[in-house]
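Take a look at the structure below.
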Amino acid sequence: MENRNIKVQYKLYAPMGEEKKIEMIEETRPDMPFHFISGMGMVLEALENKLYPLQEGETFKITLSEEEAYGPFIPEGVQEVPVEAFFIEGKLDTEHIYEGAVVPLMNADGERFNGTIAEIKEKVVVVDLNHPLAGENLHFVGKVLNLRDVTEGELKALHHRGCGGGCGGCKGSCEDCGSECNCN
């Protein structure tokens, strides 16, 4: 798959709430489209594969199954964490820790990920580590606004950003991608 610069406007619908009623959960506008470069892992692979063959100006209705989107809901992904893990100065950090809050977490290996606070109990906080849309089919309705080949400069900029943007000690150039940075 060749890299392409793709801009789309869309509405995203998914089942929400206990009744699993299909609702619009996200919308882009023509003046603020969703923009990505194909083949760079920026978009759900199945969505990218369905958008890639479309032409500029073409409308689309794309449904992704839960497997194609964020996978099934995994009950083991809901964990009880001792409430003390969320204490600051001996108290629960209620400014950041409340039901529905998405919080950054880190495991023992230093890997970062997000979790959603599902419930706060007296001794534990229930954290859902599943993606908020896990277990759901996603429905995209939209239009391809712009489609063009990617320039060499855009690819270099993306690769450069992926290797630390030049600020990770490269002192003005990145040996991995050969780019120059102006961070210094």
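Going through the structure tokens in order, the chains are called A, B, and so on, while each chain numbers its residues from 1 and the ligands are numbered from 1 in the order shown.
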Backbone DSSP call of strand (DSSP E or B) for stretch 1-175 of chain A, listed as a PyMOL selection string:
chain A and resi 4-16+21-27+29+32+34-37+59-64+78-82+87-88+91-92+102-106+112-120+124-128+138-149+173
So which residues touch stretch 20-28 of chain A within 10 Å, counting only C-alpha atoms, skipping near sequence neighbours fewer than 4 positions away, as a PDB file with N, CA, C and O atoms, in the first residue's frame?
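Writing done, so here's out.pdb:
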```pdb
ATOM      1  N   VAL A   8     -10.698  13.201   5.483  1.00  0.00           N
ATOM      2  CA  VAL A   8     -12.100  12.796   5.416  1.00  0.00           C
ATOM      3  C   VAL A   8     -12.910  13.559   6.448  1.00  0.00           C
ATOM      4  O   VAL A   8     -12.408  13.981   7.489  1.00  0.00           O
ATOM      5  N   GLN A   9     -14.165  13.737   6.107  1.00  0.00           N
ATOM      6  CA  GLN A   9     -15.145  14.237   7.069  1.00  0.00           C
ATOM      7  C   GLN A   9     -16.042  13.046   7.381  1.00  0.00           C
ATOM      8  O   GLN A   9     -16.403  12.286   6.479  1.00  0.00           O
ATOM      9  N   TYR A  10     -16.365  12.843   8.655  1.00  0.00           N
ATOM     10  CA  TYR A  10     -17.208  11.689   8.983  1.00  0.00           C
ATOM     11  C   TYR A  10     -18.005  11.934  10.246  1.00  0.00           C
ATOM     12  O   TYR A  10     -17.720  12.831  11.044  1.00  0.00           O
ATOM     13  N   LYS A  11     -19.007  11.076  10.415  1.00  0.00           N
ATOM     14  CA  LYS A  11     -19.736  10.931  11.672  1.00  0.00           C
ATOM     15  C   LYS A  11     -19.530   9.484  12.079  1.00  0.00           C
ATOM     16  O   LYS A  11     -19.617   8.576  11.252  1.00  0.00           O
ATOM     17  N   LEU A  12     -19.247   9.286  13.358  1.00  0.00           N
ATOM     18  CA  LEU A  12     -19.036   7.934  13.896  1.00  0.00           C
ATOM     19  C   LEU A  12     -20.209   7.598  14.809  1.00  0.00           C
ATOM     20  O   LEU A  12     -20.529   8.363  15.726  1.00  0.00           O
ATOM     21  N   TYR A  13     -20.825   6.461  14.537  1.00  0.00           N
ATOM     22  CA  TYR A  13     -21.953   5.974  15.328  1.00  0.00           C
ATOM     23  C   TYR A  13     -21.560   4.662  15.994  1.00  0.00           C
ATOM     24  O   TYR A  13     -20.876   3.834  15.393  1.00  0.00           O
ATOM     25  N   ALA A  14     -22.026   4.468  17.227  1.00  0.00           N
ATOM     26  CA  ALA A  14     -21.766   3.224  17.952  1.00  0.00           C
ATOM     27  C   ALA A  14     -22.876   3.012  18.972  1.00  0.00           C
ATOM     28  O   ALA A  14     -23.532   3.971  19.396  1.00  0.00           O
ATOM     29  N   PRO A  15     -23.085   1.756  19.388  1.00  0.00           N
ATOM     30  CA  PRO A  15     -24.074   1.478  20.433  1.00  0.00           C
ATOM     31  C   PRO A  15     -23.603   2.074  21.764  1.00  0.00           C
ATOM     32  O   PRO A  15     -22.463   1.867  22.163  1.00  0.00           O
ATOM     33  N   MET A  16     -24.479   2.794  22.423  1.00  0.00           N
ATOM     34  CA  MET A  16     -24.105   3.441  23.686  1.00  0.00           C
ATOM     35  C   MET A  16     -25.150   3.165  24.758  1.00  0.00           C
ATOM     36  O   MET A  16     -26.309   2.887  24.458  1.00  0.00           O
ATOM     37  N   MET A  32     -12.421  21.158   9.741  1.00  0.00           N
ATOM     38  CA  MET A  32     -11.541  20.430  10.665  1.00  0.00           C
ATOM     39  C   MET A  32     -11.680  18.931  10.395  1.00  0.00           C
ATOM     40  O   MET A  32     -12.156  18.178  11.237  1.00  0.00           O
ATOM     41  N   PRO A  33     -11.246  18.483   9.208  1.00  0.00           N
ATOM     42  CA  PRO A  33     -11.407  17.069   8.863  1.00  0.00           C
ATOM     43  C   PRO A  33     -10.427  16.186   9.624  1.00  0.00           C
ATOM     44  O   PRO A  33      -9.484  16.666  10.244  1.00  0.00           O
ATOM     45  N   PHE A  34     -10.678  14.893   9.535  1.00  0.00           N
ATOM     46  CA  PHE A  34      -9.731  13.913  10.052  1.00  0.00           C
ATOM     47  C   PHE A  34      -8.688  13.729   8.964  1.00  0.00           C
ATOM     48  O   PHE A  34      -9.012  13.471   7.807  1.00  0.00           O
ATOM     49  N   GLU A 136     -17.689  -3.162  20.563  1.00  0.00           N
ATOM     50  CA  GLU A 136     -18.711  -2.458  19.781  1.00  0.00           C
ATOM     51  C   GLU A 136     -18.379  -2.461  18.302  1.00  0.00           C
ATOM     52  O   GLU A 136     -17.211  -2.367  17.909  1.00  0.00           O
ATOM     53  N   ASN A 137     -19.419  -2.558  17.480  1.00  0.00           N
ATOM     54  CA  ASN A 137     -19.279  -2.330  16.055  1.00  0.00           C
ATOM     55  C   ASN A 137     -19.331  -0.823  15.836  1.00  0.00           C
ATOM     56  O   ASN A 137     -20.129  -0.131  16.461  1.00  0.00           O
ATOM     57  N   LEU A 138     -18.466  -0.321  14.961  1.00  0.00           N
ATOM     58  CA  LEU A 138     -18.397   1.117  14.692  1.00  0.00           C
ATOM     59  C   LEU A 138     -18.924   1.395  13.293  1.00  0.00           C
ATOM     60  O   LEU A 138     -18.608   0.658  12.347  1.00  0.00           O
ATOM     61  N   HIS A 139     -19.684   2.465  13.154  1.00  0.00           N
ATOM     62  CA  HIS A 139     -20.305   2.824  11.879  1.00  0.00           C
ATOM     63  C   HIS A 139     -19.845   4.228  11.493  1.00  0.00           C
ATOM     64  O   HIS A 139     -20.147   5.200  12.192  1.00  0.00           O
ATOM     65  N   PHE A 140     -19.102   4.329  10.395  1.00  0.00           N
ATOM     66  CA  PHE A 140     -18.597   5.603   9.885  1.00  0.00           C
ATOM     67  C   PHE A 140     -19.398   5.986   8.645  1.00  0.00           C
ATOM     68  O   PHE A 140     -19.573   5.170   7.737  1.00  0.00           O
ATOM     69  N   VAL A 141     -19.851   7.229   8.602  1.00  0.00           N
ATOM     70  CA  VAL A 141     -20.547   7.776   7.439  1.00  0.00           C
ATOM     71  C   VAL A 141     -19.831   9.069   7.101  1.00  0.00           C
ATOM     72  O   VAL A 141     -19.677   9.938   7.966  1.00  0.00           O
ATOM     73  N   GLY A 142     -19.364   9.192   5.848  1.00  0.00           N
ATOM     74  CA  GLY A 142     -18.618  10.398   5.543  1.00  0.00           C
ATOM     75  C   GLY A 142     -18.291  10.586   4.085  1.00  0.00           C
ATOM     76  O   GLY A 142     -18.885   9.963   3.203  1.00  0.00           O
TER      77      GLY A 142
END
```
Å distance separating atom CA of A:Tyr98 from atom CA of A:Phe113, one decimal place
17.6 Å
Pick out each residue of stretch 29-171 of chain A that DSSP on the backbone tags as alpha helix (DSSP H); I need them as a ChimeraX atom specification.
/A:45-51,152-162
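Near stretch 40-54 of chain A, within a cut-off of 8 Å and counting only C-alpha atoms, sit the residues Asn3, Phe36, Ile37, Ser38, Glu56, Glu58, Ile62, Leu64, Glu68, Ala69 and Val144 of chain A, with same-chain residues fewer than 2 positions away left out.
Distance-wise, atom CA of A:Val83 and atom CA of A:Val103 end up 14.1 Å apart.
The coordinates place atom CA of A:Lys61 at 21.1 Å from atom CA of A:Arg148.
With only C-alpha atoms as the atoms that count, the minimum distance from A:Ser65 to the choices A:Pro30, A:Gly153, A:Gly39, A:Gly135 is reached by A:Gly135.
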